[in-house]
file final_20.tsv (TSV, C-alpha atoms and all ligand atoms)
chain	number	residue	atom	x	y	z
A	327	MET	CA	6.80	17.82	-15.86
A	328	ALA	CA	5.17	15.89	-18.69
A	329	PRO	CA	3.12	12.94	-17.45
A	330	PRO	CA	4.73	9.59	-18.18
A	331	ALA	CA	3.18	7.67	-21.03
A	332	ILE	CA	0.50	5.27	-19.83
A	333	ALA	CA	2.30	2.33	-21.40
A	334	GLU	CA	5.59	2.71	-19.49
A	335	ALA	CA	7.27	-0.40	-18.07
A	336	GLY	CA	4.69	-2.52	-16.33
A	337	PRO	CA	3.26	-6.00	-16.34
A	338	ASP	CA	0.62	-7.08	-18.77
A	339	THR	CA	-2.68	-6.02	-17.28
A	340	ARG	CA	-6.29	-6.92	-17.99
A	341	ARG	CA	-8.74	-4.87	-19.98
A	342	VAL	CA	-11.53	-7.37	-19.70
A	343	VAL	CA	-12.34	-8.37	-16.15
A	344	PRO	CA	-13.25	-12.03	-16.66
A	345	MET	CA	-15.09	-12.37	-13.40
A	346	SER	CA	-15.97	-10.39	-10.35
A	347	VAL	CA	-14.89	-11.61	-6.92
A	348	MET	CA	-17.93	-9.82	-5.49
A	349	LYS	CA	-20.16	-11.89	-7.76
A	350	LEU	CA	-18.34	-15.11	-6.81
A	351	SER	CA	-18.83	-14.19	-3.18
A	352	ASP	CA	-22.59	-14.01	-3.78
A	353	ASP	CA	-22.80	-17.22	-5.84
A	354	ALA	CA	-20.09	-19.69	-4.84
A	355	ALA	CA	-20.55	-22.16	-1.99
A	356	ASP	CA	-16.92	-23.29	-2.22
A	357	LEU	CA	-13.77	-21.38	-2.95
A	358	PRO	CA	-13.10	-21.62	-6.71
A	359	GLU	CA	-9.89	-23.51	-7.54
A	360	LYS	CA	-8.01	-20.51	-8.90
A	361	PHE	CA	-8.10	-18.82	-5.48
A	362	VAL	CA	-6.76	-21.80	-3.53
A	363	LYS	CA	-3.30	-20.89	-2.17
A	364	SER	CA	-0.51	-23.37	-1.55
A	365	LEU	CA	-0.33	-24.71	2.02
A	366	GLY	CA	2.64	-22.52	2.93
A	367	GLU	CA	0.88	-19.35	1.84
A	368	ARG	CA	-2.38	-19.84	3.72
A	369	PRO	CA	-3.24	-17.68	6.75
A	370	THR	CA	-2.12	-18.88	10.18
A	371	ILE	CA	-3.63	-16.12	12.33
A	372	ALA	CA	-7.27	-14.95	12.27
A	373	HIS	CA	-8.31	-11.61	10.77
A	374	ASN	CA	-9.45	-10.40	14.20
A	375	ASP	CA	-6.74	-11.89	16.43
A	376	TYR	CA	-5.06	-8.55	17.07
A	377	CYS	CA	-1.50	-7.91	18.17
A	378	LYS	CA	-1.57	-5.22	20.85
A	379	GLU	CA	2.16	-4.50	20.60
A	380	ILE	CA	2.26	-2.82	17.19
A	381	PRO	CA	3.14	0.80	18.06
A	382	VAL	CA	0.44	3.48	18.04
A	383	ILE	CA	1.96	6.96	17.86
A	384	SER	CA	0.16	10.20	18.59
A	385	LEU	CA	1.34	13.09	16.41
A	386	LYS	CA	-0.17	15.62	18.80
A	387	GLY	CA	2.21	18.52	19.43
A	388	ILE	CA	4.35	17.79	16.36
A	389	GLU	CA	4.98	21.55	16.04
A	390	SER	CA	6.47	21.87	19.55
A	391	GLU	CA	10.13	21.03	19.99
A	392	SER	CA	9.79	18.76	23.01
A	393	GLU	CA	6.81	16.80	21.67
A	394	ARG	CA	8.51	16.45	18.30
A	395	ALA	CA	11.51	14.85	19.99
A	396	ARG	CA	9.19	12.29	21.60
A	397	ILE	CA	7.45	11.60	18.29
A	398	VAL	CA	10.74	11.22	16.40
A	399	ALA	CA	12.01	8.76	19.02
A	400	GLU	CA	8.80	6.72	18.82
A	401	VAL	CA	8.90	6.72	15.02
A	402	GLY	CA	12.56	5.60	15.06
A	403	TYR	CA	11.76	2.69	17.38
A	404	ALA	CA	8.69	1.66	15.34
A	405	CYS	CA	10.65	1.76	12.06
A	406	ALA	CA	13.55	-0.28	13.40
A	407	GLU	CA	11.56	-2.86	15.38
A	408	TRP	CA	8.33	-3.20	13.40
A	409	GLY	CA	8.41	-1.48	10.00
A	410	ILE	CA	4.70	-0.88	10.61
A	411	PHE	CA	2.86	1.32	13.09
A	412	GLN	CA	-0.31	3.33	13.49
A	413	ILE	CA	-0.71	7.07	13.89
A	414	VAL	CA	-3.46	9.00	15.65
A	415	ASP	CA	-3.95	12.79	16.05
A	416	HIS	CA	-2.55	13.06	12.52
A	417	GLY	CA	-4.72	15.97	11.43
A	418	VAL	CA	-6.46	14.27	8.48
A	419	PRO	CA	-10.10	15.40	8.79
A	420	ALA	CA	-12.42	12.58	9.92
A	421	GLU	CA	-14.99	13.88	7.45
A	422	LEU	CA	-12.61	13.38	4.52
A	423	MET	CA	-11.69	9.86	5.66
A	424	LYS	CA	-15.37	8.96	5.91
A	425	SER	CA	-16.25	10.53	2.59
A	426	MET	CA	-13.42	8.70	0.75
A	427	MET	CA	-14.63	5.40	2.24
A	428	GLU	CA	-18.22	6.09	1.13
A	429	ASN	CA	-17.23	7.08	-2.39
A	430	THR	CA	-15.02	4.01	-2.74
A	431	LEU	CA	-17.75	1.72	-1.48
A	432	GLY	CA	-20.18	3.44	-3.86
A	433	PHE	CA	-17.89	2.61	-6.77
A	434	PHE	CA	-17.42	-1.07	-5.87
A	435	LYS	CA	-21.19	-1.47	-5.44
A	436	LEU	CA	-21.85	-0.35	-9.02
A	437	PRO	CA	-22.95	-3.05	-11.50
A	438	LEU	CA	-20.02	-4.94	-13.05
A	439	ASP	CA	-20.80	-3.47	-16.52
A	440	GLU	CA	-20.19	-0.01	-15.12
A	441	LYS	CA	-16.97	-0.94	-13.26
A	442	VAL	CA	-15.52	-2.70	-16.30
A	443	LYS	CA	-15.50	0.65	-18.14
A	444	TYR	CA	-12.57	1.54	-15.87
A	445	ALA	CA	-10.71	-1.77	-16.15
A	446	THR	CA	-6.94	-1.80	-16.56
A	447	MET	CA	-5.47	-1.79	-20.09
A	448	PRO	CA	-3.48	-4.67	-21.62
A	449	GLY	CA	0.25	-3.99	-21.45
A	450	GLY	CA	-0.32	-0.66	-19.78
A	451	PHE	CA	0.65	0.64	-16.40
A	452	PRO	CA	-1.58	-0.93	-13.75
A	453	VAL	CA	-4.18	1.77	-13.27
A	454	GLY	CA	-7.91	1.19	-13.10
A	455	TYR	CA	-10.26	-1.51	-11.91
A	456	ALA	CA	-9.37	-5.19	-11.61
A	457	SER	CA	-10.71	-8.27	-9.90
A	458	GLY	CA	-8.57	-11.06	-8.41
A	459	SER	CA	-5.38	-9.56	-9.85
A	460	HIS	CA	-4.32	-6.72	-12.13
A	461	ARG	CA	-1.84	-8.98	-13.84
A	462	ALA	CA	-2.69	-11.25	-16.75
A	463	ASP	CA	0.09	-13.71	-15.84
A	464	ASP	CA	-1.16	-14.69	-12.38
A	465	ASP	CA	-2.09	-18.35	-11.97
A	466	ILE	CA	-3.59	-18.04	-8.49
A	467	LEU	CA	-5.75	-15.03	-7.72
A	468	ASP	CA	-6.42	-12.96	-4.60
A	469	TRP	CA	-9.88	-12.60	-3.05
A	470	ARG	CA	-10.28	-8.90	-3.74
A	471	GLU	CA	-11.43	-6.29	-6.20
A	472	LEU	CA	-9.23	-3.25	-6.63
A	473	MET	CA	-9.02	0.19	-8.17
A	474	VAL	CA	-5.71	2.00	-8.73
A	475	HIS	CA	-5.12	5.68	-9.53
A	476	ARG	CA	-2.00	7.71	-10.25
A	477	CYS	CA	-2.52	10.83	-8.16
A	478	LEU	CA	0.80	12.73	-7.96
A	479	PRO	CA	2.64	14.58	-9.38
A	480	LYS	CA	-0.28	16.85	-10.16
A	481	ALA	CA	0.42	16.81	-13.91
A	482	VAL	CA	-0.09	13.04	-13.93
A	483	ARG	CA	-3.32	13.36	-11.97
A	484	GLU	CA	-4.62	16.01	-14.36
A	485	ASN	CA	-3.79	13.71	-17.25
A	486	ASP	CA	-5.53	10.68	-15.70
A	487	ILE	CA	-8.58	12.27	-14.07
A	488	SER	CA	-10.69	11.85	-17.19
A	489	ILE	CA	-10.38	8.06	-16.80
A	490	TRP	CA	-11.44	8.09	-13.13
A	491	PRO	CA	-14.97	6.91	-12.30
A	492	GLU	CA	-17.78	9.39	-12.86
A	493	LYS	CA	-19.95	7.60	-10.31
A	494	PRO	CA	-20.44	8.26	-7.44
A	495	GLU	CA	-20.69	11.90	-8.48
A	496	THR	CA	-18.38	13.13	-5.70
A	497	TYR	CA	-15.71	10.45	-6.36
A	498	ARG	CA	-13.25	12.56	-8.38
A	499	LYS	CA	-13.50	15.65	-6.21
A	500	THR	CA	-13.06	13.65	-3.02
A	501	LEU	CA	-10.08	11.75	-4.39
A	502	VAL	CA	-8.32	14.98	-5.40
A	503	GLU	CA	-8.73	16.30	-1.85
A	504	TYR	CA	-7.69	12.96	-0.35
A	505	SER	CA	-4.60	12.83	-2.58
A	506	ASP	CA	-3.44	16.31	-1.58
A	507	THR	CA	-4.10	15.64	2.11
A	508	MET	CA	-2.20	12.35	2.00
A	509	GLY	CA	0.61	14.06	0.09
A	510	ASP	CA	1.04	16.55	2.95
A	511	LEU	CA	0.90	13.78	5.54
A	512	VAL	CA	3.56	11.79	3.69
A	513	THR	CA	5.84	14.87	3.60
A	514	SER	CA	5.41	15.25	7.33
A	515	LEU	CA	6.11	11.55	8.00
A	516	LEU	CA	9.18	11.52	5.75
A	517	GLY	CA	10.43	14.47	7.82
A	518	LEU	CA	10.01	12.50	11.05
A	519	ILE	CA	11.70	9.42	9.56
A	520	SER	CA	14.59	11.54	8.25
A	521	GLU	CA	15.11	13.10	11.67
A	522	SER	CA	14.92	9.71	13.35
A	523	LEU	CA	17.89	8.65	11.20
A	524	GLY	CA	19.80	11.79	12.23
A	525	LEU	CA	19.30	13.35	8.77
A	526	PRO	CA	17.92	16.82	7.93
A	527	THR	CA	14.09	16.98	7.93
A	528	SER	CA	13.81	17.37	4.15
A	529	TYR	CA	16.40	14.66	3.36
A	530	ILE	CA	14.14	11.79	2.24
A	531	LYS	CA	11.63	14.04	0.50
A	532	ASN	CA	14.48	15.47	-1.58
A	533	ALA	CA	16.04	12.04	-2.17
A	534	VAL	CA	12.78	10.71	-3.67
A	535	GLY	CA	12.42	13.60	-6.11
A	536	GLY	CA	10.73	16.39	-4.09
A	537	ASP	CA	7.53	17.46	-5.84
A	538	ASP	CA	8.20	15.01	-8.68
A	539	ALA	CA	7.77	12.05	-6.29
A	540	GLU	CA	4.91	9.79	-7.28
A	541	GLN	CA	1.75	8.88	-5.41
A	542	LYS	CA	-0.58	6.03	-6.26
A	543	ILE	CA	-3.86	5.48	-4.46
A	544	LEU	CA	-5.31	1.98	-4.39
A	545	PHE	CA	-8.70	0.91	-3.09
A	546	ASN	CA	-9.16	-2.70	-2.00
A	547	TYR	CA	-12.57	-4.32	-1.57
A	548	TYR	CA	-12.43	-7.74	0.06
A	549	PRO	CA	-15.75	-9.62	-0.26
A	550	GLN	CA	-16.88	-12.24	2.24
A	551	CYS	CA	-15.17	-15.51	1.43
A	552	PRO	CA	-16.68	-19.02	1.66
A	553	GLN	CA	-13.34	-20.59	2.73
A	554	PRO	CA	-11.09	-17.85	4.10
A	555	ASP	CA	-8.57	-20.33	5.53
A	556	MET	CA	-7.57	-21.48	2.05
A	557	THR	CA	-6.88	-18.13	0.41
A	558	LEU	CA	-5.77	-14.53	0.97
A	559	GLY	CA	-7.35	-11.19	0.14
A	560	LEU	CA	-3.91	-10.02	-0.87
A	561	ARG	CA	-0.82	-12.20	-1.08
A	562	SER	CA	2.26	-11.53	1.05
A	563	HIS	CA	4.48	-8.77	-0.37
A	564	THR	CA	6.53	-5.72	0.48
A	565	ASP	CA	5.58	-2.32	-0.94
A	566	TYR	CA	8.27	-1.22	-3.40
A	567	GLY	CA	8.04	2.50	-2.66
A	568	THR	CA	8.93	4.83	0.18
A	569	ILE	CA	6.07	4.59	2.69
A	570	THR	CA	2.44	3.49	2.58
A	571	VAL	CA	-0.48	5.08	4.42
A	572	LEU	CA	-3.44	2.74	4.88
A	573	GLN	CA	-6.92	3.60	6.04
A	574	GLN	CA	-9.08	0.62	6.91
A	575	ASP	CA	-12.59	0.03	8.18
A	576	ASP	CA	-13.32	-1.77	11.47
A	577	VAL	CA	-13.22	-5.37	10.17
A	578	GLY	CA	-9.53	-6.27	10.42
A	579	GLY	CA	-7.41	-8.38	8.08
A	580	LEU	CA	-4.09	-6.58	7.56
A	581	GLN	CA	-1.21	-8.71	8.82
A	582	ALA	CA	2.52	-8.07	9.02
A	583	TYR	CA	5.25	-10.67	9.28
A	584	LYS	CA	7.36	-10.17	12.42
A	585	GLU	CA	10.57	-11.73	11.22
A	586	ASP	CA	12.38	-12.01	14.57
A	587	ARG	CA	9.41	-13.96	15.98
A	588	ASP	CA	8.71	-15.89	12.77
A	589	LYS	CA	5.08	-14.94	13.22
A	590	TRP	CA	2.25	-13.10	11.46
A	591	VAL	CA	0.60	-10.36	13.51
A	592	THR	CA	-2.78	-8.73	12.79
A	593	VAL	CA	-3.11	-4.93	12.91
A	594	GLU	CA	-6.00	-3.83	15.11
A	595	PRO	CA	-8.43	-1.41	13.44
A	596	ILE	CA	-8.50	1.72	15.64
A	597	PRO	CA	-11.21	4.27	14.73
A	598	GLY	CA	-9.61	7.31	13.09
A	599	ALA	CA	-6.09	5.83	13.00
A	600	LEU	CA	-3.94	5.40	9.89
A	601	VAL	CA	-1.53	2.51	9.41
A	602	ILE	CA	1.95	3.38	8.16
A	603	ASN	CA	4.25	0.77	6.70
A	604	LEU	CA	7.72	1.24	5.33
A	605	GLY	CA	8.49	0.29	1.75
A	606	ASP	CA	11.66	-1.05	0.14
A	607	GLN	CA	13.11	2.42	-0.46
A	608	ILE	CA	13.35	3.23	3.26
A	609	GLN	CA	14.99	-0.09	4.03
A	610	ILE	CA	17.58	0.59	1.33
A	611	LEU	CA	18.07	4.29	2.15
A	612	SER	CA	18.57	3.44	5.84
A	613	ASN	CA	21.03	0.67	4.86
A	614	ALA	CA	18.72	-1.89	6.50
A	615	LYS	CA	18.45	-0.11	9.85
A	616	TYR	CA	14.72	0.08	9.11
A	617	CYS	CA	12.74	-2.72	7.51
A	618	SER	CA	10.37	-2.92	4.60
A	619	VAL	CA	7.85	-5.11	6.31
A	620	GLU	CA	6.30	-8.08	4.56
A	621	HIS	CA	2.51	-7.93	4.82
A	622	GLN	CA	-0.71	-9.50	3.52
A	623	ALA	CA	-4.48	-9.23	3.90
A	624	VAL	CA	-6.63	-12.11	5.13
A	625	VAL	CA	-10.36	-12.35	4.53
A	626	ASN	CA	-13.27	-13.78	6.51
A	627	SER	CA	-16.65	-15.39	5.90
A	628	ASN	CA	-18.87	-12.85	7.69
A	629	GLN	CA	-17.93	-9.38	6.60
A	630	THR	CA	-16.62	-7.51	3.60
A	631	ARG	CA	-13.65	-5.24	4.20
A	632	LEU	CA	-12.41	-2.02	2.60
A	633	SER	CA	-8.96	-0.43	2.66
A	634	LEU	CA	-7.73	2.83	1.11
A	635	VAL	CA	-4.02	2.66	0.41
A	636	THR	CA	-1.74	5.58	-0.46
A	637	PHE	CA	1.68	4.63	-1.84
A	638	ALA	CA	4.43	7.24	-1.80
A	639	ASN	CA	7.04	6.33	-4.42
A	640	PRO	CA	10.22	8.04	-5.63
A	641	SER	CA	10.16	9.78	-9.01
A	642	SER	CA	11.30	7.44	-11.77
A	643	THR	CA	14.58	9.28	-12.26
A	644	SER	CA	15.65	9.67	-8.59
A	645	GLN	CA	19.00	8.08	-7.87
A	646	MET	CA	18.26	5.79	-4.94
A	647	GLY	CA	20.52	3.82	-2.60
A	648	PRO	CA	21.81	3.91	0.97
A	649	ALA	CA	22.19	7.51	2.25
A	650	PRO	CA	25.97	8.22	2.13
A	651	GLU	CA	25.64	10.17	5.42
A	652	LEU	CA	24.75	6.94	7.22
A	653	LEU	CA	27.66	4.89	5.88
A	654	SER	CA	31.03	4.32	7.49
A	655	GLU	CA	33.77	1.71	7.65
A	656	GLU	CA	31.71	-0.19	10.26
A	657	ASN	CA	28.50	0.30	8.26
A	658	PRO	CA	29.39	-0.17	4.58
A	659	ALA	CA	26.67	0.06	1.91
A	660	LYS	CA	24.59	-3.12	1.78
A	661	TYR	CA	22.91	-2.17	-1.53
A	662	ARG	CA	24.11	-0.64	-4.76
A	663	SER	CA	22.54	2.52	-6.11
A	664	TYR	CA	19.90	2.46	-8.86
A	665	THR	CA	16.94	4.40	-10.26
A	666	MET	CA	13.28	3.42	-10.01
A	667	LYS	CA	13.33	2.81	-13.77
A	668	GLU	CA	15.68	-0.05	-12.96
A	669	TYR	CA	13.91	-1.18	-9.79
A	670	LEU	CA	10.34	-1.52	-11.08
A	671	PRO	CA	11.10	-4.25	-13.65
A	672	ILE	CA	12.79	-6.19	-10.82
A	673	CYS	CA	9.57	-5.91	-8.79
A	674	PHE	CA	7.33	-6.88	-11.70
A	675	ALA	CA	9.51	-9.86	-12.62
A	676	LYS	CA	8.31	-11.55	-9.38
A	677	LYS	CA	11.51	-13.62	-9.08
A	678	THR	CA	11.67	-12.98	-5.35
A	679	LYS	CA	9.28	-11.54	-2.77
A	680	LYS	CA	12.11	-9.39	-1.41
A	681	HIS	CA	12.91	-7.29	-4.47
A	682	TYR	CA	15.75	-5.43	-2.74
A	683	ASP	CA	17.72	-8.68	-2.58
A	684	ALA	CA	18.55	-8.04	-6.24
A	685	LEU	CA	20.55	-4.97	-5.16
A	686	VAL	CA	22.56	-6.53	-2.34
A	687	ILE	CA	26.28	-5.87	-2.76
B	1	LIG	C1	-1.53	-3.11	-0.38
B	1	LIG	C2	-1.76	-3.67	0.97
B	1	LIG	C3	-3.33	-4.30	2.71
B	1	LIG	C4	-4.77	-4.17	3.08
B	1	LIG	O1	-2.55	-2.76	-1.03
B	1	LIG	O2	-0.35	-3.02	-0.78
B	1	LIG	O3	-0.83	-4.10	1.57
B	1	LIG	O4	-5.07	-4.39	4.24
B	1	LIG	N1	-3.03	-3.72	1.44
B	1	LIG	O5	-5.58	-3.86	2.20
B	2	NI	NI	1.07	-3.51	0.61
call {"tool": "encode", "arguments": {"input": "final_20.tsv", "output": "structure tokens"}}
result
Amino acid sequence: MAPPAIAEAGPDTRRVVPMSVMKLSDDAADLPEKFVKSLGERPTIAHNDYCKEIPVISLKGIESESERARIVAEVGYACAEWGIFQIVDHGVPAELMKSMMENTLGFFKLPLDEKVKYATMPGGFPVGYASGSHRADDDILDWRELMVHRCLPKAVRENDISIWPEKPETYRKTLVEYSDTMGDLVTSLLGLISESLGLPTSYIKNAVGGDDAEQKILFNYYPQCPQPDMTLGLRSHTDYGTITVLQQDDVGGLQAYKEDRDKWVTVEPIPGALVINLGDQIQILSNAKYCSVEHQAVVNSNQTRLSLVTFANPSSTSQMGPAPELLSEENPAKYRSYTMKEYLPICFAKKTKKHYDALVI
């Protein structure tokens, strides 16, 4: 498959990074005005006030029939009740997780002049380095620096790799390995989610385009913040894709909104665990049996925080919508069908936080 042109539909993005949040963190005694969030958006729960109820699922024994039944049941419960959960015993080598963290940290610690070489392009698809936001039209910024890469399909990765950082020296090689490993993990998780809906194992993987499905990998660096109560590291949002796999360090800051309790909950960093959250496509495909959880990242004044985020997205041409197999007279389709080409502009238009509302029948 030919890689999509870099300038496909996307928001205006920045080439010149006007400031570095890391530098502000070193210099500013007060939170600069353009990071001050409205009262309703500000954090209500601390970055380290952990919710112990968010499910933690061991994938040990996934190959055995009886253990797999347990895992599928746990995944089904977590998807329906939480939309976010953690996995352990997932088979991703600890060494690779550590190495990806170190390479990412190595990149963010480079001098700004070096990082700016990889800054996002105006009008282009949001890939590359940005600070505060990767959008030129944002009035209020987030307290983070970020780096985004298109990693799958492989043809896209091969096209983009020449614009990935050359420092640290092992960055590119490690990211290729990380991308492939996360790709396999996503396939396995989509199998479990499919089965939990009573669908064939390969159902969701096929629905999102099989090997043409897209993967983006995003690194977030959240510097220490002088007034963490007045801002966010990353504003509240849902992920527009299929599922997201997040690796975080031990600082804490990822929060999910538990709608039935009208409450934000903080995900506890567990050494070696990966956080999984569902994106809009699973909510729609499941006809709202599962939820695309709203989430955000809060910052703190003592420690920097790093997260490595893998987004699994459908291919741009996949025909998406509620799975017909799940629909009946009692459970009619809640959303119309569409392609990602149609969905992405809805997401980028920022009219509503819940993009899927635009598809409600
Ligand atoms: C994201 C995201 C949360 C975090 O990048 O989409 O939700 O904790 N990140 O970094
Ligand atoms: Ni997210």
call {"tool": "residues_near_ligand", "arguments": {"input": "final_20.tsv", "ligand": "ligand NI 2 (chain B)", "cutoff": "7 Å", "atoms": "all atoms listed in the file", "output": "ChimeraX atom specification"}}
result
/A:563-565,621-622
call {"tool": "atom_distance", "arguments": {"input": "final_20.tsv", "atom1": "atom CA of A:Asn546", "atom2": "atom CA of A:Glu471"}}
result
6.0 Å
call {"tool": "closest_atom_pairs", "arguments": {"input": "final_20.tsv", "of": "chain A", "to": "ligand LIG 1 (chain B)", "cutoff": "9 Å", "atoms": "only C-alpha atoms and all ligand atoms", "output": "CSV"}}
result
residue,atom,partner,partner_atom,distance
A:Leu472,CA,B:LIG1,O1,8.7
A:Leu544,CA,B:LIG1,O1,6.4
A:Phe545,CA,B:LIG1,O1,7.5
A:Asn546,CA,B:LIG1,O5,5.6
A:Tyr547,CA,B:LIG1,O5,8.0
A:Tyr548,CA,B:LIG1,O5,8.2
A:Gly559,CA,B:LIG1,O5,7.8
A:Leu560,CA,B:LIG1,N1,6.8
A:Arg561,CA,B:LIG1,O3,8.5
A:Ser562,CA,B:LIG1,O3,8.1
A:His563,CA,B:LIG1,O3,7.3
A:Thr564,CA,B:LIG1,O2,7.5
A:Asp565,CA,B:LIG1,O2,6.0
A:Thr570,CA,B:LIG1,O2,7.8
A:Leu572,CA,B:LIG1,C4,7.3
A:Gln573,CA,B:LIG1,O4,8.4
A:Gln574,CA,B:LIG1,O4,7.0
A:Gly578,CA,B:LIG1,O4,7.8
A:Gly579,CA,B:LIG1,O4,6.0
A:Leu580,CA,B:LIG1,O4,4.1
A:Gln581,CA,B:LIG1,O4,7.4
A:Val593,CA,B:LIG1,O4,8.9
A:Asn603,CA,B:LIG1,O3,8.7
A:Glu620,CA,B:LIG1,O3,8.7
A:His621,CA,B:LIG1,O3,6.0
A:Gln622,CA,B:LIG1,O3,5.7
A:Ala623,CA,B:LIG1,O4,4.9
A:Val624,CA,B:LIG1,O4,7.9
A:Arg631,CA,B:LIG1,O5,8.4
A:Leu632,CA,B:LIG1,O5,7.1
A:Ser633,CA,B:LIG1,O5,4.8
A:Leu634,CA,B:LIG1,O5,7.1
A:Val635,CA,B:LIG1,O1,5.8
A:Thr636,CA,B:LIG1,O1,8.4
A:Phe637,CA,B:LIG1,O2,8.0
call {"tool": "closest_residue", "arguments": {"input": "final_20.tsv", "among": "A:Asn429, A:Gln412, A:Ser641, A:Thr592", "to": "A:Leu604", "atoms": "only C-alpha atoms"}}
result
A:Gln412
call {"tool": "atom_distance", "arguments": {"input": "final_20.tsv", "atom1": "atom CA of A:Pro597", "atom2": "atom CA of A:Asp415"}}
result
11.3 Å
call {"tool": "residues_around", "arguments": {"input": "final_20.tsv", "residues": "A:Val398", "least_positions_apart": "4", "cutoff": "7 Å", "atoms": "only C-alpha atoms", "output": "list in words"}}
result
Arg394, Gly402, Leu518, Glu521 and Ser522 of chain A
call {"tool": "closest_residue", "arguments": {"input": "final_20.tsv", "among": "A:Leu653, A:Ala481, A:Met646, A:Ala354", "to": "A:Gly535", "atoms": "all atoms listed in the file"}}
result
A:Met646
call {"tool": "atom_distance", "arguments": {"input": "final_20.tsv", "atom1": "atom CA of A:His681", "atom2": "atom CA of A:Thr643"}}
result
18.4 Å
call {"tool": "residues_near_point", "arguments": {"input": "final_20.tsv", "point": "(0.4, -0.1, 19.4)", "cutoff": "9 Å", "atoms": "all atoms listed in the file", "output": "PDB file with C-alpha atoms, in the frame of the given file"}}
result
ATOM      1  CA  CYS A 377      -1.500  -7.910  18.170  1.00  0.00           C
ATOM      2  CA  LYS A 378      -1.570  -5.220  20.850  1.00  0.00           C
ATOM      3  CA  GLU A 379       2.160  -4.500  20.600  1.00  0.00           C
ATOM      4  CA  ILE A 380       2.260  -2.820  17.190  1.00  0.00           C
ATOM      5  CA  PRO A 381       3.140   0.800  18.060  1.00  0.00           C
ATOM      6  CA  VAL A 382       0.440   3.480  18.040  1.00  0.00           C
ATOM      7  CA  ILE A 383       1.960   6.960  17.860  1.00  0.00           C
ATOM      8  CA  PHE A 411       2.860   1.320  13.090  1.00  0.00           C
ATOM      9  CA  GLN A 412      -0.310   3.330  13.490  1.00  0.00           C
ATOM     10  CA  VAL A 593      -3.110  -4.930  12.910  1.00  0.00           C
ATOM     11  CA  GLU A 594      -6.000  -3.830  15.110  1.00  0.00           C
TER      12      GLU A 594
END
call {"tool": "residues_around", "arguments": {"input": "final_20.tsv", "residues": "A:Asp538", "least_positions_apart": "5", "cutoff": "9 Å", "atoms": "all atoms listed in the file", "output": "PyMOL selection string"}}
result
chain A and resi 327+478-480+640-642
